[in-house]
Amino acid sequence: MRKYLLSACFGLAVLAMGAPTAGAQGFDWQSHKGTTLNLLLNNHPWSQAMRDLAKEFSAKTGIETRLEIFNEEQFRARLATLMQARSADIDVYMSLASREGQVYDKSGWFADLTPLAKNAAITMPDLNLTDFSKALMDSEMVNGKMVALPINIEGPLFYWRKDIFAKCNIPEPMAIEDLLPTAEKLKTCAAAHDMGMVTPWAARGIRGVLNYALTAFVNNLGGSFSTPDGKPGLCQAATLPGLDTYAKLLKDYGPPGALNHTFTQVVELLGQGRIGMTYESSNEFSNIMRFPNRANDLGVKPSPPGRATGINKPVVIGWGLSVSPNSKKQDAAWMFVQWATSPEVEARLVQAGVAPPRTSVFNGAAFKAWTAELPIRQAWADSLVTIARIGTSVYQSPTDRAPEARDLIGGAIQQIVLGQASVKDAACSTDVELAKLQ
């Protein structure tokens, strides 16, 4: 069964492009020796691990690297500044095509990697693009161009404190409908057992980032961000319960300042043992495991499905490495992208908790050995297989201006939490604004 799931998850990518001939003549890792590449990276387990691994790239190629790593908001602001100035001071950067692929492409921020990949002189003969997850490679194709190579696979997962649930005699939530009553039971139990520092729930509350977690609530309860004819769909009767549930969990059971929280605050609270359950990125697994006891007392699984609907459709995405069209060193930049996404490097990144997007590495000995060391690692890996099979990369209303749409949808949740509008009024008024983005 596991073999079947993995093969379904990681099917062969069919790309409308040629590949270098096996044993291609002329490829030489040292062909750009003496070059220096500037990398702009988002703060992420992958980029943190790359701080040290990049030295191995330099030893292999003679190409030096300068890494700039920023938290996500600062990273995007820095990228925008450089791209709008058409600066050559950036060669390689992390991108999230599922979030901003259309916007970046229209702005001319992507170099097309297809011609580079066809150039045998700068492309390793064993690049093997069909080894990547088909879903992830499809997401890296924007308007017929290959704009990145995937560096990971991720999505939100449900984490819960098994020890607290056992102490309070509360069953594990098996459906999305269970979360509110479970949160109420946790709240009552925490008060009865003097667990004042433990809040029942935490999740993203900042308007621009909460859609990542919100999507499973909307989808699993039968809703959608769009109507059948492609218009904004927050105001649909089937969508309102998902918005309402997410907002109530933040408002009634979340920690103070929940609307100012993104993944960094949620992970810190979870790691410190101060929350009973959350729905947060699989990519933060390694950071969570650094805290004492969390490997022993946490459970992890995909989002609970809708009981009434039977639907389970969470978000699944992957970051990629892109090359700037303004770079004067695109050939050398492409060599870094290949090296950083190679099976050998991905196998090393497993130790940092980065889920590999290559089939050969996900099914490889290094990843299997690592997950076998702890039951929670195996549960995490199994959860990734599941969300890759059932998930979606769509987490906003239909528009090319995805970041703006997500900001509006997050704003609707904040209005509900703050009591500034009813669920329906917030949803319907936001649909009007979302329609302006189409």
# chains A, B, ... in the order shown; residues from 1 in each chain; ligands from 1
>>> residues_around(residues="Glu404 in chain A", least_positions_apart="5", cutoff="9 Å", atoms="only C-alpha atoms", output="VMD selection string")
chain A and resid 208 409 434 437
>>> select_by_dssp(residues="range 135-372 of chain A", states="helix (DSSP H, G or I)", output="PDB file with C-alpha atoms, in the first residue's frame")
ATOM      1  CA  ALA A 135       2.683  17.927  -9.231  1.00  0.00           C
ATOM      2  CA  LEU A 136       5.600  20.080  -8.125  1.00  0.00           C
ATOM      3  CA  MET A 137       7.160  20.252 -11.584  1.00  0.00           C
ATOM      4  CA  ASP A 138       3.780  21.201 -13.027  1.00  0.00           C
ATOM      5  CA  SER A 139       3.582  24.064 -10.533  1.00  0.00           C
ATOM      6  CA  LYS A 162      -1.178  13.325  22.921  1.00  0.00           C
ATOM      7  CA  ASP A 163      -0.223  13.530  26.596  1.00  0.00           C
ATOM      8  CA  ILE A 164      -2.638  16.376  27.331  1.00  0.00           C
ATOM      9  CA  PHE A 165      -5.415  14.666  25.388  1.00  0.00           C
ATOM     10  CA  ALA A 166      -4.819  11.499  27.429  1.00  0.00           C
ATOM     11  CA  LYS A 167      -4.726  13.393  30.730  1.00  0.00           C
ATOM     12  CA  ILE A 176     -12.849  19.029  11.139  1.00  0.00           C
ATOM     13  CA  GLU A 177     -16.205  19.344  12.916  1.00  0.00           C
ATOM     14  CA  ASP A 178     -14.539  17.954  16.065  1.00  0.00           C
ATOM     15  CA  LEU A 179     -12.113  20.846  16.480  1.00  0.00           C
ATOM     16  CA  LEU A 180     -14.397  23.370  18.158  1.00  0.00           C
ATOM     17  CA  PRO A 181     -15.860  20.938  20.724  1.00  0.00           C
ATOM     18  CA  THR A 182     -12.386  19.524  21.320  1.00  0.00           C
ATOM     19  CA  ALA A 183     -11.027  23.020  21.942  1.00  0.00           C
ATOM     20  CA  GLU A 184     -13.821  23.629  24.458  1.00  0.00           C
ATOM     21  CA  LYS A 185     -12.974  20.410  26.303  1.00  0.00           C
ATOM     22  CA  LEU A 186      -9.299  21.345  26.386  1.00  0.00           C
ATOM     23  CA  LYS A 187     -10.146  24.767  27.743  1.00  0.00           C
ATOM     24  CA  THR A 188     -12.264  23.254  30.534  1.00  0.00           C
ATOM     25  CA  CYS A 189      -9.640  20.648  31.363  1.00  0.00           C
ATOM     26  CA  ALA A 190      -6.809  23.189  31.420  1.00  0.00           C
ATOM     27  CA  ALA A 191      -8.729  25.262  33.965  1.00  0.00           C
ATOM     28  CA  ALA A 192      -9.581  22.214  36.091  1.00  0.00           C
ATOM     29  CA  ASN A 211      -4.964  31.128   3.826  1.00  0.00           C
ATOM     30  CA  TYR A 212      -2.322  28.411   3.910  1.00  0.00           C
ATOM     31  CA  ALA A 213      -4.095  26.886   6.924  1.00  0.00           C
ATOM     32  CA  LEU A 214      -7.602  28.207   6.244  1.00  0.00           C
ATOM     33  CA  THR A 215      -7.965  26.304   2.956  1.00  0.00           C
ATOM     34  CA  ALA A 216      -8.531  22.868   4.531  1.00  0.00           C
ATOM     35  CA  PHE A 217     -11.288  24.324   6.724  1.00  0.00           C
ATOM     36  CA  VAL A 218     -13.042  25.797   3.682  1.00  0.00           C
ATOM     37  CA  ASN A 219     -12.597  22.753   1.442  1.00  0.00           C
ATOM     38  CA  ASN A 220     -13.229  20.012   3.998  1.00  0.00           C
ATOM     39  CA  LEU A 240     -19.179  30.202   5.415  1.00  0.00           C
ATOM     40  CA  PRO A 241     -18.779  27.282   7.899  1.00  0.00           C
ATOM     41  CA  GLY A 242     -15.076  26.977   7.118  1.00  0.00           C
ATOM     42  CA  LEU A 243     -14.503  30.701   7.663  1.00  0.00           C
ATOM     43  CA  ASP A 244     -16.577  30.610  10.843  1.00  0.00           C
ATOM     44  CA  THR A 245     -14.760  27.596  12.331  1.00  0.00           C
ATOM     45  CA  TYR A 246     -11.298  29.025  11.693  1.00  0.00           C
ATOM     46  CA  ALA A 247     -12.265  32.424  13.114  1.00  0.00           C
ATOM     47  CA  LYS A 248     -13.920  30.926  16.222  1.00  0.00           C
ATOM     48  CA  LEU A 249     -10.894  28.796  17.009  1.00  0.00           C
ATOM     49  CA  LEU A 250      -8.667  31.884  16.913  1.00  0.00           C
ATOM     50  CA  LYS A 251     -11.100  34.106  18.782  1.00  0.00           C
ATOM     51  CA  ASP A 252     -12.335  31.782  21.523  1.00  0.00           C
ATOM     52  CA  TYR A 253      -9.476  29.324  21.956  1.00  0.00           C
ATOM     53  CA  ALA A 258      -3.345  35.557  17.670  1.00  0.00           C
ATOM     54  CA  LEU A 259      -3.987  37.941  14.764  1.00  0.00           C
ATOM     55  CA  ASN A 260      -0.320  38.915  14.825  1.00  0.00           C
ATOM     56  CA  PHE A 263       4.334  30.254  11.657  1.00  0.00           C
ATOM     57  CA  THR A 264       7.217  31.506  13.803  1.00  0.00           C
ATOM     58  CA  GLN A 265       4.985  32.325  16.786  1.00  0.00           C
ATOM     59  CA  VAL A 266       2.862  29.188  16.354  1.00  0.00           C
ATOM     60  CA  VAL A 267       5.916  26.924  16.240  1.00  0.00           C
ATOM     61  CA  GLU A 268       7.434  28.612  19.283  1.00  0.00           C
ATOM     62  CA  LEU A 269       4.227  28.114  21.278  1.00  0.00           C
ATOM     63  CA  LEU A 270       3.930  24.501  20.180  1.00  0.00           C
ATOM     64  CA  GLY A 271       7.583  23.813  20.931  1.00  0.00           C
ATOM     65  CA  SER A 282       5.080  20.265   7.698  1.00  0.00           C
ATOM     66  CA  ASN A 283       8.188  22.228   6.884  1.00  0.00           C
ATOM     67  CA  GLU A 284       8.514  23.356  10.503  1.00  0.00           C
ATOM     68  CA  PHE A 285       8.767  19.764  11.731  1.00  0.00           C
ATOM     69  CA  SER A 286      12.522  19.884  12.326  1.00  0.00           C
ATOM     70  CA  ASN A 287      12.210  23.143  14.277  1.00  0.00           C
ATOM     71  CA  ILE A 288       9.447  21.685  16.446  1.00  0.00           C
ATOM     72  CA  MET A 289      11.499  18.574  17.156  1.00  0.00           C
ATOM     73  CA  ARG A 294       8.008  17.150  21.589  1.00  0.00           C
ATOM     74  CA  ALA A 295       9.212  14.049  19.739  1.00  0.00           C
ATOM     75  CA  ASN A 296       7.537  11.976  22.459  1.00  0.00           C
ATOM     76  CA  ASP A 297       4.315  13.811  23.252  1.00  0.00           C
ATOM     77  CA  GLN A 330      22.903  32.743 -15.560  1.00  0.00           C
ATOM     78  CA  ASP A 331      24.978  29.752 -16.662  1.00  0.00           C
ATOM     79  CA  ALA A 332      26.737  29.570 -13.296  1.00  0.00           C
ATOM     80  CA  ALA A 333      23.426  30.201 -11.516  1.00  0.00           C
ATOM     81  CA  TRP A 334      21.875  27.246 -13.367  1.00  0.00           C
ATOM     82  CA  MET A 335      24.754  25.064 -12.209  1.00  0.00           C
ATOM     83  CA  PHE A 336      23.983  25.999  -8.592  1.00  0.00           C
ATOM     84  CA  VAL A 337      20.280  25.233  -9.075  1.00  0.00           C
ATOM     85  CA  GLN A 338      21.133  21.783 -10.446  1.00  0.00           C
ATOM     86  CA  TRP A 339      23.582  21.018  -7.675  1.00  0.00           C
ATOM     87  CA  ALA A 340      21.232  22.219  -4.919  1.00  0.00           C
ATOM     88  CA  PRO A 343      19.773  13.617  -5.294  1.00  0.00           C
ATOM     89  CA  GLU A 344      23.044  13.795  -3.379  1.00  0.00           C
ATOM     90  CA  VAL A 345      22.245  17.178  -1.820  1.00  0.00           C
ATOM     91  CA  GLU A 346      18.602  16.327  -1.172  1.00  0.00           C
ATOM     92  CA  ALA A 347      19.683  13.215   0.714  1.00  0.00           C
ATOM     93  CA  ARG A 348      21.815  15.441   2.960  1.00  0.00           C
ATOM     94  CA  LEU A 349      18.947  17.885   3.498  1.00  0.00           C
ATOM     95  CA  VAL A 350      16.781  15.079   4.870  1.00  0.00           C
ATOM     96  CA  GLN A 351      18.758  15.384   8.104  1.00  0.00           C
ATOM     97  CA  ALA A 352      17.459  18.973   8.400  1.00  0.00           C
ATOM     98  CA  THR A 359      11.140  10.320  -5.991  1.00  0.00           C
ATOM     99  CA  SER A 360      14.499   8.597  -5.731  1.00  0.00           C
ATOM    100  CA  VAL A 361      15.370  10.426  -2.505  1.00  0.00           C
ATOM    101  CA  PHE A 362      11.933  10.133  -0.897  1.00  0.00           C
ATOM    102  CA  ALA A 365      17.706   4.558   1.963  1.00  0.00           C
ATOM    103  CA  ALA A 366      18.769   7.804   3.683  1.00  0.00           C
ATOM    104  CA  PHE A 367      15.225   9.142   4.050  1.00  0.00           C
ATOM    105  CA  LYS A 368      13.838   5.756   5.139  1.00  0.00           C
ATOM    106  CA  ALA A 369      16.584   5.293   7.701  1.00  0.00           C
ATOM    107  CA  TRP A 370      15.988   8.771   9.106  1.00  0.00           C
ATOM    108  CA  THR A 371      12.215   8.341   9.420  1.00  0.00           C
ATOM    109  CA  ALA A 372      12.617   4.885  10.979  1.00  0.00           C
TER     110      ALA A 372
END
>>> residues_around(residues="Ala426 in chain A", least_positions_apart="6", cutoff="12 Å", atoms="only C-alpha atoms", output="PyMOL selection string")
chain A and resi 234-236+240+243-244+247+408-420+432-433
>>> closest_residue(among="A:Trp29, A:Phe158, A:Tyr93, A:Tyr395", to="Ser226 in chain A", atoms="only C-alpha atoms")
A:Tyr395
>>> closest_residue(among="A:Ala59, A:Ala121, A:Leu127, A:Ile69", to="Arg358 in chain A", atoms="only C-alpha atoms")
A:Leu127
>>> residues_around(residues="Ile387 in chain A", least_positions_apart="2", cutoff="12 Å", atoms="only C-alpha atoms", output="number ranges by chain")
A: 5-6, 8-10, 135, 153-158, 216, 281-282, 301-305, 312-317, 380-385, 389-393
>>> closest_residue(among="A:Trp109, A:Leu298, A:Asp407, A:His44", to="Leu374 in chain A", atoms="only C-alpha atoms")
A:Leu298
>>> residues_around(residues="Ser107 in chain A", least_positions_apart="6", cutoff="10 Å", atoms="only C-alpha atoms", output="PyMOL selection string")
chain A and resi 83-84+101
>>> atom_distance(atom1="CA of Thr199 in chain A", atom2="CA of Val300 in chain A")
18.1 Å
>>> closest_residue(among="A:Thr239, A:Thr114, A:Asn43, A:Gln378", to="Arg76 in chain A", atoms="only C-alpha atoms")
A:Asn43
>>> closest_residue(among="A:Gly108, A:Gly62, A:Pro325, A:Pro375", to="Gly34 in chain A", atoms="only C-alpha atoms")
A:Gly62
>>> closest_residue(among="A:Gln438, A:Ala88, A:Ser133, A:Arg51", to="Pro356 in chain A", atoms="only C-alpha atoms")
A:Ser133
>>> residues_around(residues="Thr36 in chain A", least_positions_apart="6", cutoff="12 Å", atoms="only C-alpha atoms", output="PyMOL selection string")
chain A and resi 54+57-58+61-67+89-92+327-333+336
>>> write_last_selection(atoms="C-alpha atoms", output="short mmCIF file (atom, residue, chain, number, x, y, z; two decimals), in the first residue's frame")
data_model
loop_
_atom_site.label_atom_id
_atom_site.label_comp_id
_atom_site.auth_asym_id
_atom_site.auth_seq_id
_atom_site.Cartn_x
_atom_site.Cartn_y
_atom_site.Cartn_z
CA ALA A 54 26.99 25.85 -0.10
CA PHE A 57 29.29 23.60 -3.95
CA SER A 58 32.17 26.06 -3.95
CA THR A 61 32.87 24.12 -8.77
CA GLY A 62 35.18 26.95 -7.73
CA ILE A 63 32.08 29.18 -7.69
CA GLU A 64 31.71 31.25 -4.53
CA THR A 65 28.27 32.02 -3.06
CA ARG A 66 26.97 34.93 -1.01
CA LEU A 67 23.77 34.05 0.84
CA ASP A 89 22.96 41.96 -7.78
CA ILE A 90 20.86 38.81 -7.46
CA ASP A 91 21.49 35.60 -9.40
CA VAL A 92 19.43 32.89 -7.66
CA SER A 327 21.70 38.09 -13.73
CA LYS A 328 24.87 38.34 -15.78
CA LYS A 329 25.87 34.88 -14.55
CA GLN A 330 22.90 32.74 -15.56
CA ASP A 331 24.98 29.75 -16.66
CA ALA A 332 26.74 29.57 -13.30
CA ALA A 333 23.43 30.20 -11.52
CA PHE A 336 23.98 26.00 -8.59
#
>>> atom_distance(atom1="CA of Ala237 in chain A", atom2="CA of Ala435 in chain A")
17.9 Å
